[in-house]
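The block underneath contains the structure these notes are about, expressed in structure tokens.
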Amino acid sequence: MSDQYAIIGNPVAHSKSPLIHMAFARQTGQDLVYGRLLAPEGAFVATANAFRAGGGRGLNVTLPFKGEAFRFATELSERARAARAVNTLKFEGDAIIADNTDGVGLVNDLVGNLRCAIANRRILLLGAGGAARGVIEPLLHQNPAQLVLANRSLEKARLLAQSFHRAFEACSYAALAGRQFDLVVNATSASLAGELPPLPPMVFARGALAYDMMYGKGETPFLAFARSEGAALLADGLGMLVEQAAESFFIWRGLRPDSAPVLKLLRQAQDA
Ligand code: NDP
């Protein structure tokens, strides 16, 4: 029987992960199947355990279960520990080995695909939810000149910053007035609701990259704002999605797939 993998979430029908991982498997000649696993709310552990008992080798975890997956794990990577959230589980005997590949997915998309340097650049991260938490450590690891995190709820941003060993600034949107950044990453869920985070004008430095983690909804209000403010480069989160999947695939199979043709395939499907 082929090795079994799946994405677990609620909802999960929209997920592109099966398409991505099956493309990676074909490309690398790996004998595996990758499906979707809908877990009822409150039944993450039971659903994941049933999959495991049936011989499942690994899971990707999406909303709303990344925190539960963190508590479910018996072994946590440094990245998962820092993020306090897990998007990749690997089952080996009794061990439930957990990682978080969202941050490395973002960094690989920025540096590898978009050729955007992070080292010595001024980075502004918007949002203080799970997505923001997951990318902080990998971004800091690239040694930016500064990392500033802005959130509507200042208290939430401050608490988040306090939970990291390495220091970075947490502030309100109003406190961004008059400041400029080379890279602005939208890790809020504002785009999902067709909203724009309350950014002051002129936050995009000359040559800046505006990155929205959201994908698949055309130009988001954030990217439209960035365009009107003169950002040099605009990017959505499709590349991050493919790159986090490539890292999960590597964790499971020990092989690094070529993400470029898969990203191209998804981009063509999205733009069609
Ligand atoms: P959460 O619900 O955990 O956090 C939401 C955050 O967005 C909060 O900080 C909230 O601020 C902020 N927010 C919501 N609406 C607004 C608004 N109108 N203006 C300003 N801030 C707002 O969500 P996640 O962190 O899990 O996900 C965030 C986004 O990242 C989603 O769009 C998701 O699809 C995307 N994502 C993409 C991935 C990829 O691979 N491309 C991977 C993971 C996530 P407050 O605290 O003040 O309420």
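To be explicit about the labels: the chains of the structure tokens are called A, B, and onward in the order shown, and within each one the residues are counted from 1, while ligands get numbers from 1 in the order they are shown.
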
Closest contacts (chain A/ligand 1, max 6 Å, only C-alpha atoms and all ligand atoms) as a Markdown table:
| residue | atom | partner | partner_atom_place_in_ligand_line | distance |
| --- | --- | --- | --- | --- |
| A:Asp102 | CA | ligand 1 | 42 (C) | 5.9 |
| A:Gly127 | CA | ligand 1 | 9 (O) | 3.6 |
| A:Ala128 | CA | ligand 1 | 9 (O) | 3.7 |
| A:Gly129 | CA | ligand 1 | 3 (O) | 3.4 |
| A:Gly130 | CA | ligand 1 | 25 (O) | 3.8 |
| A:Ala131 | CA | ligand 1 | 25 (O) | 3.6 |
| A:Ala132 | CA | ligand 1 | 25 (O) | 5.6 |
| A:Asn151 | CA | ligand 1 | 47 (O) | 5.4 |
| A:Arg152 | CA | ligand 1 | 47 (O) | 3.7 |
| A:Ser153 | CA | ligand 1 | 47 (O) | 3.9 |
| A:Ala187 | CA | ligand 1 | 30 (O) | 4.8 |
| A:Thr188 | CA | ligand 1 | 7 (O) | 3.2 |
| A:Ser189 | CA | ligand 1 | 32 (O) | 4.0 |
| A:Ala190 | CA | ligand 1 | 15 (N) | 3.8 |
| A:Leu192 | CA | ligand 1 | 32 (O) | 5.6 |
| A:Glu195 | CA | ligand 1 | 18 (N) | 5.0 |
| A:Leu196 | CA | ligand 1 | 18 (N) | 5.7 |
| A:Pro197 | CA | ligand 1 | 19 (N) | 3.7 |
| A:Met213 | CA | ligand 1 | 41 (N) | 4.4 |
| A:Met214 | CA | ligand 1 | 32 (O) | 4.5 |
| A:Gly237 | CA | ligand 1 | 41 (N) | 3.8 |
| A:Leu238 | CA | ligand 1 | 41 (N) | 5.5 |
| A:Met240 | CA | ligand 1 | 40 (O) | 4.7 |
| A:Leu241 | CA | ligand 1 | 40 (O) | 3.5 |

- [ ] For Val184 of chain A, list every protein, DNA or RNA residue within 7 Å, evaluated using only C-alpha atoms, and leave out those in the same chain fewer than 3 positions away; present the list as a list in words.
- [x] Ile123, Leu124, Leu125, Phe181, Leu209, Ala210 and Tyr211 of chain A

Limited to all heavy atoms, could you put the picked residues into a file as a PDB file, in the first residue's frame?
ATOM      1  N   ILE A 123      11.872  45.442   8.342  1.00  0.00           N
ATOM      2  CA  ILE A 123      10.689  44.614   8.083  1.00  0.00           C
ATOM      3  C   ILE A 123       9.540  45.019   8.995  1.00  0.00           C
ATOM      4  O   ILE A 123       9.713  45.173  10.205  1.00  0.00           O
ATOM      5  CB  ILE A 123      11.006  43.122   8.312  1.00  0.00           C
ATOM      6  CG1 ILE A 123      12.173  42.712   7.425  1.00  0.00           C
ATOM      7  CG2 ILE A 123       9.791  42.256   8.017  1.00  0.00           C
ATOM      8  CD1 ILE A 123      12.573  41.293   7.572  1.00  0.00           C
ATOM      9  N   LEU A 124       8.377  45.160   8.388  1.00  0.00           N
ATOM     10  CA  LEU A 124       7.152  45.421   9.144  1.00  0.00           C
ATOM     11  C   LEU A 124       6.229  44.222   8.969  1.00  0.00           C
ATOM     12  O   LEU A 124       5.915  43.829   7.836  1.00  0.00           O
ATOM     13  CB  LEU A 124       6.479  46.692   8.606  1.00  0.00           C
ATOM     14  CG  LEU A 124       5.084  47.013   9.153  1.00  0.00           C
ATOM     15  CD1 LEU A 124       5.108  47.198  10.673  1.00  0.00           C
ATOM     16  CD2 LEU A 124       4.517  48.275   8.479  1.00  0.00           C
ATOM     17  N   LEU A 125       5.842  43.620  10.090  1.00  0.00           N
ATOM     18  CA  LEU A 125       4.946  42.466  10.072  1.00  0.00           C
ATOM     19  C   LEU A 125       3.609  42.911  10.650  1.00  0.00           C
ATOM     20  O   LEU A 125       3.556  43.430  11.775  1.00  0.00           O
ATOM     21  CB  LEU A 125       5.567  41.333  10.911  1.00  0.00           C
ATOM     22  CG  LEU A 125       4.816  40.017  11.014  1.00  0.00           C
ATOM     23  CD1 LEU A 125       4.648  39.358   9.643  1.00  0.00           C
ATOM     24  CD2 LEU A 125       5.569  39.064  11.961  1.00  0.00           C
ATOM     25  N   PHE A 181       9.561  51.139   5.629  1.00  0.00           N
ATOM     26  CA  PHE A 181      10.036  49.750   5.687  1.00  0.00           C
ATOM     27  C   PHE A 181      10.333  49.229   4.280  1.00  0.00           C
ATOM     28  O   PHE A 181       9.680  49.608   3.312  1.00  0.00           O
ATOM     29  CB  PHE A 181       8.986  48.871   6.375  1.00  0.00           C
ATOM     30  CG  PHE A 181       8.741  49.284   7.797  1.00  0.00           C
ATOM     31  CD1 PHE A 181       7.780  50.256   8.105  1.00  0.00           C
ATOM     32  CD2 PHE A 181       9.502  48.755   8.822  1.00  0.00           C
ATOM     33  CE1 PHE A 181       7.578  50.676   9.414  1.00  0.00           C
ATOM     34  CE2 PHE A 181       9.309  49.170  10.142  1.00  0.00           C
ATOM     35  CZ  PHE A 181       8.342  50.119  10.435  1.00  0.00           C
ATOM     36  N   LEU A 209       9.010  45.793  -0.973  1.00  0.00           N
ATOM     37  CA  LEU A 209       8.175  44.655  -1.358  1.00  0.00           C
ATOM     38  C   LEU A 209       6.989  44.581  -0.411  1.00  0.00           C
ATOM     39  O   LEU A 209       7.150  44.628   0.817  1.00  0.00           O
ATOM     40  CB  LEU A 209       8.993  43.351  -1.276  1.00  0.00           C
ATOM     41  CG  LEU A 209       8.211  42.029  -1.325  1.00  0.00           C
ATOM     42  CD1 LEU A 209       7.490  41.849  -2.654  1.00  0.00           C
ATOM     43  CD2 LEU A 209       9.140  40.846  -1.113  1.00  0.00           C
ATOM     44  N   ALA A 210       5.793  44.465  -0.975  1.00  0.00           N
ATOM     45  CA  ALA A 210       4.570  44.259  -0.177  1.00  0.00           C
ATOM     46  C   ALA A 210       4.138  42.816  -0.360  1.00  0.00           C
ATOM     47  O   ALA A 210       3.961  42.356  -1.496  1.00  0.00           O
ATOM     48  CB  ALA A 210       3.474  45.209  -0.654  1.00  0.00           C
ATOM     49  N   TYR A 211       3.999  42.107   0.753  1.00  0.00           N
ATOM     50  CA  TYR A 211       3.698  40.664   0.688  1.00  0.00           C
ATOM     51  C   TYR A 211       2.424  40.389   1.475  1.00  0.00           C
ATOM     52  O   TYR A 211       2.330  40.692   2.667  1.00  0.00           O
ATOM     53  CB  TYR A 211       4.858  39.884   1.306  1.00  0.00           C
ATOM     54  CG  TYR A 211       4.814  38.389   1.041  1.00  0.00           C
ATOM     55  CD1 TYR A 211       5.626  37.818   0.066  1.00  0.00           C
ATOM     56  CD2 TYR A 211       3.958  37.558   1.759  1.00  0.00           C
ATOM     57  CE1 TYR A 211       5.585  36.458  -0.185  1.00  0.00           C
ATOM     58  CE2 TYR A 211       3.919  36.196   1.507  1.00  0.00           C
ATOM     59  CZ  TYR A 211       4.740  35.655   0.537  1.00  0.00           C
ATOM     60  OH  TYR A 211       4.699  34.307   0.276  1.00  0.00           O
TER      61      TYR A 211
END

Nearby residues (only C-alpha atoms) at most 10 Å from Gln180 of chain A, same-chain spacing under 4 positions excluded, as an mmCIF file with N, CA and C atoms, in the first residue's frame:
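Now in result25.cif:
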data_model
loop_
_atom_site.group_PDB
_atom_site.id
_atom_site.type_symbol
_atom_site.label_atom_id
_atom_site.label_comp_id
_atom_site.auth_asym_id
_atom_site.auth_seq_id
_atom_site.Cartn_x
_atom_site.Cartn_y
_atom_site.Cartn_z
ATOM 1 N N ARG A 122 14.604 46.638 6.731
ATOM 2 C CA ARG A 122 13.599 46.994 7.750
ATOM 3 C C ARG A 122 12.302 46.267 7.421
ATOM 4 N N ILE A 123 11.872 45.442 8.342
ATOM 5 C CA ILE A 123 10.689 44.614 8.083
ATOM 6 C C ILE A 123 9.540 45.019 8.995
ATOM 7 N N LEU A 124 8.377 45.160 8.388
ATOM 8 C CA LEU A 124 7.152 45.421 9.144
ATOM 9 C C LEU A 124 6.229 44.222 8.969
ATOM 10 N N LEU A 176 3.096 53.843 13.493
ATOM 11 C CA LEU A 176 3.903 53.654 12.276
ATOM 12 C C LEU A 176 4.025 54.947 11.465
ATOM 13 N N VAL A 184 7.048 44.788 3.802
ATOM 14 C CA VAL A 184 5.842 44.830 4.647
ATOM 15 C C VAL A 184 5.069 43.535 4.387
ATOM 16 N N PRO A 201 -0.089 56.385 5.467
ATOM 17 C CA PRO A 201 0.567 56.495 4.167
ATOM 18 C C PRO A 201 2.083 56.510 4.330
ATOM 19 N N MET A 202 2.758 56.192 3.257
ATOM 20 C CA MET A 202 4.217 56.304 3.146
ATOM 21 C C MET A 202 4.999 55.313 4.000
ATOM 22 N N VAL A 203 4.433 54.154 4.314
ATOM 23 C CA VAL A 203 5.233 53.157 5.062
ATOM 24 C C VAL A 203 6.154 52.372 4.135
ATOM 25 N N PHE A 204 5.868 52.413 2.818
ATOM 26 C CA PHE A 204 6.687 51.634 1.887
ATOM 27 C C PHE A 204 7.896 52.466 1.469
ATOM 28 N N ALA A 205 9.078 51.972 1.816
ATOM 29 C CA ALA A 205 10.305 52.675 1.418
ATOM 30 C C ALA A 205 10.492 52.517 -0.092
ATOM 31 N N ARG A 206 11.354 53.286 -0.655
ATOM 32 C CA ARG A 206 11.669 53.155 -2.083
ATOM 33 C C ARG A 206 12.145 51.718 -2.355
ATOM 34 N N ALA A 208 10.376 49.004 -2.014
ATOM 35 C CA ALA A 208 9.831 48.049 -1.033
ATOM 36 C C ALA A 208 9.022 46.927 -1.674
#

Open item on the list: Excluding Lys16 of chain A and its own-chain neighbours fewer than 6 positions away, which residues fall within 12 Å of it when counting only C-alpha atoms? Please give them as a VMD selection string.
Closed with: chain A and resid 6 to 7 22 to 23 34 to 36 60 62 215 to 216 238 241 to 242 245 262 to 263 265 to 267 269 to 270

- [ ] Report the residues of segment 92-220 of chain A whose backbone DSSP state falls under alpha helix (DSSP H), written as an NGL selection string.
- [x] :A and (102-108 or 130-141 or 154-162)

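In this model, the gap between atom CA of Ala73 of chain A and atom CA of Leu160 of chain A comes to 21.9 Å.
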
Open item on the list: Which residue is closest to Gly54 of chain A? Choose from A:Phe225, A:Phe24, A:Phe249, A:Phe91 and count only C-alpha atoms.
Closed with: A:Phe91

Task: Interatomic distance, atom CA of Ala117 of chain A to atom CA of Gln244 of chain A (Å, one decimal) - done: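 Those two atoms sit 18.6 Å apart.
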
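Between Phe168 of chain A and the candidates A:Gln146, A:Asn113, A:Asn186, A:Thr47, the tightest atom-to-atom separation, counting only C-alpha atoms, involves A:Gln146.
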
- [ ] To one decimal in Å, tell me the separation between atom CA of Lys217 of chain A and atom CA of Ala193 of chain A.
- [x]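 Atom CA of Ala193 of chain A lies at a distance of 10.6 Å from atom CA of Lys217 of chain A.
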
TODO: List the neighbours of Asp99 of chain A out to 10 Å using only C-alpha atoms; skip same-chain residues closer than 6 positions along the sequence, and give me the result as a list in words.
DONE: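 After dropping sequence-adjacent residues, the list is Asn60, Ala69, Phe70, Ala73, Glu75, Leu76, Ser77, Glu78, Arg79, Ala80, Arg81, Ala83, Arg84, Ala85, Val86, Asn87, Thr88, Leu89, Lys90, Glu247, Ser248 and Ile251 of chain A.
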
Expected file contents, prior selection, C-alpha atoms, as a CSV table (one decimal), in the first residue's frame:
chain,number,residue,atom,x,y,z
A,60,ASN,CA,-0.4,18.7,7.6
A,69,ALA,CA,-1.5,19.8,17.1
A,70,PHE,CA,1.2,21.6,19.2
A,73,ALA,CA,3.0,16.2,19.7
A,75,GLU,CA,8.5,15.8,20.0
A,76,LEU,CA,8.7,19.5,18.9
A,77,SER,CA,11.2,21.1,16.6
A,78,GLU,CA,12.7,24.5,17.7
A,79,ARG,CA,10.5,26.1,15.0
A,80,ALA,CA,7.3,24.6,16.4
A,81,ARG,CA,8.3,25.5,19.9
A,83,ALA,CA,5.6,29.3,17.0
A,84,ARG,CA,3.6,27.4,19.6
A,85,ALA,CA,1.7,26.1,16.6
A,86,VAL,CA,2.3,23.0,14.4
A,87,ASN,CA,1.5,22.5,10.7
A,88,THR,CA,3.4,19.3,10.1
A,89,LEU,CA,3.1,16.0,12.0
A,90,LYS,CA,5.2,12.9,11.3
A,247,GLU,CA,9.6,21.7,3.6
A,248,SER,CA,6.9,19.3,5.0
A,251,ILE,CA,10.6,16.3,6.7

Task: Distance criterion (only C-alpha atoms): nearest to Leu255 of chain A out of A:Gln27, A:Asn10, A:Ser15, A:Gln4 - done: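 Using only C-alpha atoms, the shortest distance to Leu255 of chain A belongs to A:Gln27.
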